[in-house]
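Listing of model_25.pdb, PDB, C-alpha atoms
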```pdb
ATOM      1  CA  MET A 182     139.911   5.754  35.403
ATOM      2  CA  LYS A 183     140.371   9.528  35.159
ATOM      3  CA  GLU A 184     142.056  11.102  38.195
ATOM      4  CA  ILE A 185     139.600  13.139  40.263
ATOM      5  CA  PHE A 186     140.855  16.600  41.211
ATOM      6  CA  HIS A 187     139.725  17.846  44.599
ATOM      7  CA  PRO A 188     140.312  21.619  44.668
ATOM      8  CA  PRO A 189     141.005  22.864  48.190
ATOM      9  CA  VAL A 190     138.358  25.351  49.308
ATOM     10  CA  LEU A 191     139.270  28.847  50.584
ATOM     11  CA  LEU A 192     142.933  27.966  50.090
ATOM     12  CA  ASN A 193     144.524  31.427  50.112
ATOM     13  CA  GLU A 194     142.387  32.489  53.051
ATOM     14  CA  SER A 195     143.395  29.359  55.002
ATOM     15  CA  ILE A 196     147.109  29.999  54.457
ATOM     16  CA  GLU A 197     146.721  33.645  55.483
ATOM     17  CA  PHE A 198     144.772  32.941  58.676
ATOM     18  CA  LEU A 199     147.139  30.121  59.663
ATOM     19  CA  LYS A 200     150.109  32.490  59.214
ATOM     20  CA  ALA A 201     151.725  29.606  57.344
ATOM     21  CA  LYS A 202     154.235  31.867  55.605
ATOM     22  CA  GLU A 203     155.814  32.657  58.969
ATOM     23  CA  GLY A 204     156.836  29.022  59.447
ATOM     24  CA  GLY A 205     156.027  26.421  62.050
ATOM     25  CA  VAL A 206     154.411  23.066  62.797
ATOM     26  CA  PHE A 207     150.844  22.616  61.596
ATOM     27  CA  VAL A 208     148.096  19.995  61.771
ATOM     28  CA  ASP A 209     145.842  19.344  58.801
ATOM     29  CA  ALA A 210     143.092  17.475  60.614
ATOM     30  CA  THR A 211     141.260  16.626  57.371
ATOM     31  CA  LEU A 212     143.896  15.726  54.782
ATOM     32  CA  GLY A 213     141.473  14.779  51.972
ATOM     33  CA  GLY A 214     143.056  15.518  48.591
ATOM     34  CA  GLY A 215     146.122  17.043  50.237
ATOM     35  CA  GLY A 216     145.667  20.488  48.688
ATOM     36  CA  HIS A 217     145.744  22.453  51.932
ATOM     37  CA  THR A 218     148.705  20.476  53.259
ATOM     38  CA  GLU A 219     150.614  21.032  50.018
ATOM     39  CA  ALA A 220     150.002  24.796  50.199
ATOM     40  CA  ILE A 221     151.122  24.941  53.840
ATOM     41  CA  LEU A 222     154.333  23.072  53.026
ATOM     42  CA  GLU A 223     154.998  25.339  50.046
ATOM     43  CA  ALA A 224     154.346  28.514  52.075
ATOM     44  CA  ASN A 225     157.626  28.184  53.974
ATOM     45  CA  PRO A 226     160.472  25.659  53.492
ATOM     46  CA  GLN A 227     160.672  25.239  57.283
ATOM     47  CA  ASN A 228     157.025  24.233  57.658
ATOM     48  CA  ARG A 229     156.054  20.788  58.854
ATOM     49  CA  VAL A 230     152.561  19.241  58.627
ATOM     50  CA  ILE A 231     151.084  16.383  60.635
ATOM     51  CA  ALA A 232     147.988  15.256  58.751
ATOM     52  CA  ILE A 233     145.010  13.157  59.814
ATOM     53  CA  ASP A 234     142.313  11.424  57.787
ATOM     54  CA  ARG A 235     139.734   8.685  58.374
ATOM     55  CA  ASP A 236     139.863   7.552  54.763
ATOM     56  CA  GLU A 237     142.737   5.196  53.924
ATOM     57  CA  GLU A 238     142.212   5.730  50.186
ATOM     58  CA  ALA A 239     142.634   9.493  50.646
ATOM     59  CA  ILE A 240     145.813   8.879  52.632
ATOM     60  CA  ASP A 241     147.289   6.644  49.915
ATOM     61  CA  ARG A 242     146.629   9.289  47.248
ATOM     62  CA  ALA A 243     148.017  12.106  49.364
ATOM     63  CA  ILE A 244     151.210  10.218  50.241
ATOM     64  CA  LYS A 245     152.014   9.933  46.523
ATOM     65  CA  LYS A 246     151.179  13.593  45.956
ATOM     66  CA  LEU A 247     153.246  14.856  48.895
ATOM     67  CA  GLU A 248     156.201  12.455  48.926
ATOM     68  CA  ARG A 249     158.502  15.190  47.605
ATOM     69  CA  PHE A 250     158.290  16.930  50.996
ATOM     70  CA  GLY A 251     159.963  13.996  52.747
ATOM     71  CA  ASP A 252     159.868  14.015  56.548
ATOM     72  CA  ARG A 253     158.267  17.472  56.628
ATOM     73  CA  PHE A 254     154.985  15.603  56.128
ATOM     74  CA  SER A 255     153.558  12.765  58.210
ATOM     75  CA  VAL A 256     150.062  11.301  58.151
ATOM     76  CA  TYR A 257     147.859   9.233  60.461
ATOM     77  CA  HIS A 258     144.797   7.112  59.754
ATOM     78  CA  ALA A 259     142.567   8.373  62.561
ATOM     79  CA  ASN A 260     139.483  10.375  63.454
ATOM     80  CA  PHE A 261     140.396  14.040  63.956
ATOM     81  CA  ALA A 262     138.903  13.781  67.433
ATOM     82  CA  GLN A 263     142.127  11.860  68.204
ATOM     83  CA  ILE A 264     144.310  14.894  67.471
ATOM     84  CA  GLY A 265     145.827  14.761  70.957
ATOM     85  CA  VAL A 266     146.782  11.091  70.567
ATOM     86  CA  VAL A 267     148.364  11.825  67.185
ATOM     87  CA  LEU A 268     150.454  14.706  68.539
ATOM     88  CA  ASP A 269     151.529  12.588  71.518
ATOM     89  CA  GLU A 270     152.653   9.918  69.047
ATOM     90  CA  GLU A 271     154.715  12.578  67.239
ATOM     91  CA  GLY A 272     156.190  13.777  70.544
ATOM     92  CA  ILE A 273     154.765  17.262  70.010
ATOM     93  CA  ASP A 274     153.085  19.184  72.801
ATOM     94  CA  PHE A 275     151.960  22.329  70.964
ATOM     95  CA  VAL A 276     151.653  23.460  67.342
ATOM     96  CA  ASP A 277     151.466  26.768  65.460
ATOM     97  CA  GLY A 278     148.270  26.120  63.546
ATOM     98  CA  ILE A 279     145.481  23.616  63.019
ATOM     99  CA  LEU A 280     143.158  23.379  60.010
ATOM    100  CA  PHE A 281     139.820  21.566  59.756
ATOM    101  CA  ASP A 282     138.158  21.328  56.321
ATOM    102  CA  LEU A 283     134.933  19.536  57.258
ATOM    103  CA  GLY A 284     132.451  17.652  55.111
ATOM    104  CA  VAL A 285     132.737  15.098  52.340
ATOM    105  CA  SER A 286     135.355  15.213  49.574
ATOM    106  CA  HIS A 287     135.030  15.003  45.784
ATOM    107  CA  PHE A 288     136.763  11.610  45.941
ATOM    108  CA  GLN A 289     134.115  10.260  48.281
ATOM    109  CA  LEU A 290     131.202  11.772  46.343
ATOM    110  CA  ARG A 291     132.465  10.371  43.057
ATOM    111  CA  GLY A 292     133.633   7.056  44.460
ATOM    112  CA  ASP A 293     131.586   3.909  45.007
ATOM    113  CA  ARG A 294     130.691   4.237  48.688
ATOM    114  CA  GLY A 295     127.178   5.569  48.372
ATOM    115  CA  PHE A 296     127.734   9.206  49.328
ATOM    116  CA  SER A 297     125.974  10.424  46.173
ATOM    117  CA  PHE A 298     122.469   9.921  44.792
ATOM    118  CA  TRP A 299     123.506  10.654  41.192
ATOM    119  CA  LYS A 300     124.603   7.072  40.500
ATOM    120  CA  ASP A 301     123.706   3.639  41.800
ATOM    121  CA  ASP A 302     126.117   2.385  44.459
ATOM    122  CA  PRO A 303     125.825   0.270  47.601
ATOM    123  CA  LEU A 304     124.472   2.195  50.599
ATOM    124  CA  ASP A 305     127.701   2.511  52.547
ATOM    125  CA  MET A 306     128.651   6.140  53.402
ATOM    126  CA  ARG A 307     131.527   5.163  55.710
ATOM    127  CA  MET A 308     134.446   7.594  55.602
ATOM    128  CA  ASP A 309     136.459   4.979  57.478
ATOM    129  CA  ARG A 310     135.829   1.562  55.993
ATOM    130  CA  SER A 311     137.209  -0.155  59.082
ATOM    131  CA  GLN A 312     134.093   0.802  61.053
ATOM    132  CA  LYS A 313     131.114  -1.564  61.002
ATOM    133  CA  LEU A 314     128.021   0.640  60.796
ATOM    134  CA  THR A 315     126.909   1.467  57.229
ATOM    135  CA  ALA A 316     124.084   3.544  55.775
ATOM    136  CA  ALA A 317     122.339   0.289  54.780
ATOM    137  CA  ASP A 318     122.334  -0.755  58.447
ATOM    138  CA  VAL A 319     120.759   2.570  59.439
ATOM    139  CA  VAL A 320     118.097   2.513  56.715
ATOM    140  CA  ASN A 321     117.144  -1.131  57.156
ATOM    141  CA  THR A 322     117.277  -1.669  60.922
ATOM    142  CA  LEU A 323     116.481   1.475  62.906
ATOM    143  CA  PRO A 324     112.934   2.037  64.193
ATOM    144  CA  GLU A 325     110.811   4.514  62.235
ATOM    145  CA  ARG A 326     110.818   7.152  64.961
ATOM    146  CA  GLU A 327     114.611   7.051  65.320
ATOM    147  CA  LEU A 328     115.045   7.289  61.545
ATOM    148  CA  ALA A 329     112.753  10.313  61.430
ATOM    149  CA  ASN A 330     114.687  11.978  64.243
ATOM    150  CA  ILE A 331     118.009  11.420  62.462
ATOM    151  CA  ILE A 332     116.712  12.834  59.169
ATOM    152  CA  TYR A 333     115.233  15.859  60.929
ATOM    153  CA  ARG A 334     118.128  16.544  63.293
ATOM    154  CA  TYR A 335     121.036  16.061  60.897
ATOM    155  CA  GLY A 336     119.311  17.000  57.643
ATOM    156  CA  GLU A 337     116.854  19.633  58.862
ATOM    157  CA  GLU A 338     114.365  17.908  56.562
ATOM    158  CA  ARG A 339     110.748  18.931  57.256
ATOM    159  CA  PHE A 340     109.409  15.787  55.549
ATOM    160  CA  SER A 341     111.468  13.548  57.850
ATOM    161  CA  ARG A 342     108.496  11.642  59.314
ATOM    162  CA  LYS A 343     106.978  10.875  55.923
ATOM    163  CA  ILE A 344     110.369   9.801  54.559
ATOM    164  CA  ALA A 345     111.006   7.512  57.540
ATOM    165  CA  ARG A 346     107.520   6.019  57.227
ATOM    166  CA  GLU A 347     108.051   5.274  53.550
ATOM    167  CA  ILE A 348     111.513   3.781  54.169
ATOM    168  CA  VAL A 349     110.084   1.381  56.773
ATOM    169  CA  LYS A 350     107.211   0.458  54.436
ATOM    170  CA  ARG A 351     109.562  -0.305  51.517
ATOM    171  CA  ARG A 352     112.098  -2.253  53.555
ATOM    172  CA  ARG A 353     109.339  -4.621  54.691
ATOM    173  CA  GLU A 354     109.019  -5.627  51.038
ATOM    174  CA  LYS A 355     112.781  -5.983  50.506
ATOM    175  CA  PRO A 356     115.981  -4.499  51.968
ATOM    176  CA  ILE A 357     117.027  -1.093  50.611
ATOM    177  CA  LYS A 358     120.533  -1.725  49.308
ATOM    178  CA  THR A 359     121.499   1.046  46.895
ATOM    179  CA  THR A 360     121.690   4.832  46.686
ATOM    180  CA  LEU A 361     119.184   5.139  43.847
ATOM    181  CA  GLU A 362     116.648   3.000  45.724
ATOM    182  CA  LEU A 363     116.849   5.350  48.694
ATOM    183  CA  ALA A 364     116.835   8.485  46.517
ATOM    184  CA  LYS A 365     113.689   7.322  44.694
ATOM    185  CA  ILE A 366     111.929   6.633  47.986
ATOM    186  CA  VAL A 367     112.633  10.209  49.088
ATOM    187  CA  GLU A 368     111.543  11.557  45.699
ATOM    188  CA  SER A 369     108.229   9.738  46.032
ATOM    189  CA  VAL A 370     107.481  11.466  49.341
ATOM    190  CA  ILE A 371     108.501  15.082  48.760
ATOM    191  CA  PRO A 372     105.962  16.981  46.605
ATOM    192  CA  LYS A 373     107.351  17.297  43.079
ATOM    193  CA  LYS A 374     106.459  20.988  42.832
ATOM    194  CA  LEU A 375     109.067  21.677  45.535
ATOM    195  CA  TRP A 376     112.012  20.192  43.623
ATOM    196  CA  ALA A 377     111.212  19.578  39.941
ATOM    197  CA  GLY A 378     113.452  21.658  37.689
ATOM    198  CA  ARG A 379     115.703  22.772  40.550
ATOM    199  CA  LYS A 380     119.405  22.039  40.987
ATOM    200  CA  LYS A 381     119.083  20.654  44.515
ATOM    201  CA  HIS A 382     118.071  16.989  44.560
ATOM    202  CA  PRO A 383     115.157  16.223  46.935
ATOM    203  CA  ALA A 384     117.235  13.532  48.666
ATOM    204  CA  THR A 385     120.098  15.928  49.533
ATOM    205  CA  LYS A 386     119.060  16.499  53.145
ATOM    206  CA  THR A 387     118.264  12.845  53.817
ATOM    207  CA  PHE A 388     121.629  11.679  52.444
ATOM    208  CA  GLN A 389     123.419  14.365  54.468
ATOM    209  CA  ALA A 390     121.618  13.266  57.624
ATOM    210  CA  ILE A 391     122.417   9.579  57.235
ATOM    211  CA  ARG A 392     126.054  10.313  56.343
ATOM    212  CA  ILE A 393     126.492  12.512  59.419
ATOM    213  CA  TYR A 394     124.914   9.847  61.641
ATOM    214  CA  VAL A 395     126.974   6.979  60.189
ATOM    215  CA  ASN A 396     130.258   8.852  60.659
ATOM    216  CA  LYS A 397     129.364  10.585  63.965
ATOM    217  CA  GLU A 398     130.523  13.800  62.322
ATOM    218  CA  LEU A 399     129.045  16.320  64.745
ATOM    219  CA  GLU A 400     130.180  14.392  67.830
ATOM    220  CA  SER A 401     133.700  14.287  66.378
ATOM    221  CA  ILE A 402     133.696  18.068  65.875
ATOM    222  CA  GLU A 403     132.533  18.619  69.462
ATOM    223  CA  GLU A 404     135.434  16.476  70.723
ATOM    224  CA  ALA A 405     138.089  17.708  68.310
ATOM    225  CA  ILE A 406     137.825  21.514  68.509
ATOM    226  CA  PRO A 407     138.489  21.818  72.285
ATOM    227  CA  GLU A 408     141.317  19.268  72.015
ATOM    228  CA  ALA A 409     142.823  21.220  69.117
ATOM    229  CA  VAL A 410     142.680  24.525  70.997
ATOM    230  CA  ASP A 411     144.427  22.915  73.972
ATOM    231  CA  ARG A 412     147.325  21.938  71.693
ATOM    232  CA  LEU A 413     147.894  25.399  70.192
ATOM    233  CA  LYS A 414     150.856  27.535  71.201
ATOM    234  CA  PRO A 415     150.121  31.083  72.365
ATOM    235  CA  GLY A 416     149.648  33.004  69.123
ATOM    236  CA  GLY A 417     148.760  29.774  67.309
ATOM    237  CA  ARG A 418     145.751  29.746  65.011
ATOM    238  CA  ILE A 419     142.802  27.404  64.459
ATOM    239  CA  VAL A 420     140.999  27.593  61.112
ATOM    240  CA  VAL A 421     137.769  25.692  60.461
ATOM    241  CA  ILE A 422     135.914  25.422  57.139
ATOM    242  CA  THR A 423     132.314  24.221  57.347
ATOM    243  CA  PHE A 424     129.761  23.371  54.659
ATOM    244  CA  HIS A 425     126.365  23.423  56.364
ATOM    245  CA  SER A 426     124.628  25.234  59.185
ATOM    246  CA  LEU A 427     124.839  22.383  61.702
ATOM    247  CA  GLU A 428     128.644  22.260  61.502
ATOM    248  CA  ASP A 429     129.000  26.027  61.452
ATOM    249  CA  ARG A 430     126.759  26.511  64.491
ATOM    250  CA  ILE A 431     128.774  24.031  66.560
ATOM    251  CA  VAL A 432     132.128  25.492  65.494
ATOM    252  CA  LYS A 433     130.989  29.072  66.154
ATOM    253  CA  GLU A 434     129.849  28.224  69.689
ATOM    254  CA  LEU A 435     132.906  26.095  70.531
ATOM    255  CA  LEU A 436     135.298  28.860  69.495
ATOM    256  CA  LYS A 437     133.240  31.575  71.185
ATOM    257  CA  GLU A 438     133.051  29.829  74.554
ATOM    258  CA  ARG A 439     136.829  29.454  74.876
ATOM    259  CA  LYS A 440     138.202  32.263  77.056
ATOM    260  CA  ASP A 441     141.735  31.495  75.821
ATOM    261  CA  LEU A 442     140.841  32.318  72.196
ATOM    262  CA  LYS A 443     140.629  35.578  70.315
ATOM    263  CA  ILE A 444     138.241  35.429  67.341
ATOM    264  CA  ILE A 445     140.040  36.772  64.272
ATOM    265  CA  ALA A 446     137.289  36.541  61.679
ATOM    266  CA  LYS A 447     134.373  38.361  63.331
ATOM    267  CA  LYS A 448     132.119  37.146  60.531
ATOM    268  CA  PRO A 449     132.614  33.885  58.628
ATOM    269  CA  VAL A 450     134.831  34.261  55.572
ATOM    270  CA  LEU A 451     133.059  33.222  52.358
ATOM    271  CA  PRO A 452     134.482  32.130  48.997
ATOM    272  CA  THR A 453     134.725  34.714  46.252
ATOM    273  CA  GLU A 454     132.462  34.623  43.217
ATOM    274  CA  GLU A 455     135.502  33.590  41.166
ATOM    275  CA  GLU A 456     136.160  30.584  43.404
ATOM    276  CA  ILE A 457     132.510  29.493  43.295
ATOM    277  CA  ALA A 458     132.525  29.767  39.482
ATOM    278  CA  ALA A 459     135.661  27.592  39.324
ATOM    279  CA  ASN A 460     134.496  25.180  42.033
ATOM    280  CA  PRO A 461     130.692  25.156  42.665
ATOM    281  CA  ALA A 462     131.229  22.844  45.657
ATOM    282  CA  ALA A 463     132.701  25.847  47.484
ATOM    283  CA  ARG A 464     129.452  27.828  47.423
ATOM    284  CA  SER A 465     128.308  26.788  50.907
ATOM    285  CA  ALA A 466     131.754  27.015  52.555
ATOM    286  CA  LYS A 467     132.351  29.245  55.588
ATOM    287  CA  LEU A 468     135.693  29.812  57.278
ATOM    288  CA  ARG A 469     136.065  30.711  60.940
ATOM    289  CA  ALA A 470     139.397  31.472  62.585
ATOM    290  CA  ALA A 471     140.701  32.183  66.078
ATOM    291  CA  GLU A 472     144.039  32.749  67.797
ATOM    292  CA  LYS A 473     145.265  31.347  71.113
ATOM    293  CA  LYS A 474     145.808  34.156  73.587
ATOM    294  CA  ALA A 475     149.142  34.704  75.259
ATOM    295  CA  PRO A 476     149.085  34.109  79.051
ATOM    296  CA  ALA A 477     149.250  37.887  79.642
ATOM    297  CA  GLU A 478     146.032  38.355  77.646
ATOM    298  CA  LEU A 479     143.944  35.843  79.574
ATOM    299  CA  GLY A 480     142.937  38.382  82.209
ATOM    300  CA  ASN A 481     141.428  40.625  79.525
TER     301      ASN A 481
END
```

Reformat the file's structure so that it appears as structure tokens.
Amino acid sequence: MKEIFHPPVLLNESIEFLKAKEGGVFVDATLGGGGHTEAILEANPQNRVIAIDRDEEAIDRAIKKLERFGDRFSVYHANFAQIGVVLDEEGIDFVDGILFDLGVSHFQLRGDRGFSFWKDDPLDMRMDRSQKLTAADVVNTLPERELANIIYRYGEERFSRKIAREIVKRRREKPIKTTLELAKIVESVIPKKLWAGRKKHPATKTFQAIRIYVNKELESIEEAIPEAVDRLKPGGRIVVITFHSLEDRIVKELLKERKDLKIIAKKPVLPTEEEIAANPAARSAKLRAAEKKAPAELGN
């Protein structure tokens, strides 16, 4: 099988905002393909990275990729909402920078866990395979109204009620087990004139919604960001890359409401046209960054 390359998004901007070249201890809360961690470790020979990921397969790949850095790199199989527990385990109270690169990775989209509607795979969508709840459980067991609410809330899909109604109708005939089955159900509901001939698949929002629900993605962000800020040194930086409006809205508000933070990027930083051309998956990325205030600044 050909190795899948997962290009890190907004890489140079992340390194700059983290001040990684100045040296320090950093947390990569979303290790993924290891690209950001690798760049942080290369930015200064004194740098150390504690990485976190929910996906054991991602961790195994990254360990091989980053083994040359020895004990400057350590990794934990955990939800990034457990950042405090991880740092306690390392015996570290405060760090110089923390990076979150949210969303789903190329490995997951191109793997066999049902994150994508472009090929037929089991409806799974678990980032952490040790958890029980799968997308198939959601699609086949939740009441119609709850399904509609999930698709609307997490996918911002205006046809959510019709999609939920059709899902419930089809599952009465037989369980919905695969990605293509679900994608075709969504296709049958959304008027063809709204999606035919366009790049965006009509099931995009529904798949996003179910994935977010299965993995409790937004709840994890709401827990993790405040915990991360608490573990920053004065002058330490938090950098967060989001990929859709729901994530970005939460991150923006969480950073804004902290009186001990100074927002560095007044507007979200976007990828360049060159980066989008090289990596189309970067097109919806937004980077937000903030710095922990020194105690003397807190009165300002």

Using all atoms listed in the file, pick whichever of A:Ala262, A:Arg392, A:Pro356, A:Ile273 has the shortest atom-to-atom distance to A:Glu404.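 Among A:Ala262, A:Arg392, A:Pro356, A:Ile273, it is A:Ala262 that comes nearest to A:Glu404.
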
Atom CA of A:Arg326 to atom CA of A:Ile357, distance in Å rounded to a single decimal: 17.7 Å

Close residues, A:Thr423 itself excluded, 12 Å, all atoms listed in the file, min 3 positions apart in chain, as a PyMOL selection string: chain A and resi 190-191+211+280-285+398-399+402+420+426-433+449-452+462-470

Given the file above and the PyMOL selection byres ((chain A and resi 242-246) around 9), which residues are selected, and can you give them as a ChimeraX atom specification? /A:212-216,219,237-241,247-249,254-256

Can you tell me how far atom CA of A:Glu271 sits from atom CA of A:Asp309, in Å to one decimal?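 The value is 22.1 Å.
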
Which polymer residues have any atom within 12 Å of an atom of A:Lys350, counting all atoms listed in the file, with same-chain residues fewer than 3 positions away left out, as a short mmCIF file (atom, residue, chain, number, x, y, z; two decimals) with C-alpha atoms, in the frame of the given file?
```
data_model
loop_
_atom_site.label_atom_id
_atom_site.label_comp_id
_atom_site.auth_asym_id
_atom_site.auth_seq_id
_atom_site.Cartn_x
_atom_site.Cartn_y
_atom_site.Cartn_z
CA VAL A 320 118.10 2.51 56.72
CA ASN A 321 117.14 -1.13 57.16
CA PRO A 324 112.93 2.04 64.19
CA GLU A 325 110.81 4.51 62.24
CA LYS A 343 106.98 10.88 55.92
CA ILE A 344 110.37 9.80 54.56
CA ALA A 345 111.01 7.51 57.54
CA ARG A 346 107.52 6.02 57.23
CA GLU A 347 108.05 5.27 53.55
CA ARG A 353 109.34 -4.62 54.69
CA GLU A 354 109.02 -5.63 51.04
CA LYS A 355 112.78 -5.98 50.51
CA PRO A 356 115.98 -4.50 51.97
CA ILE A 357 117.03 -1.09 50.61
CA ILE A 366 111.93 6.63 47.99
#
```

The residue from A:Ile264, A:Glu472, A:Thr453, A:Lys381 with the smallest atom-to-atom distance to A:Lys437, counting all atoms listed in the file, is A:Glu472
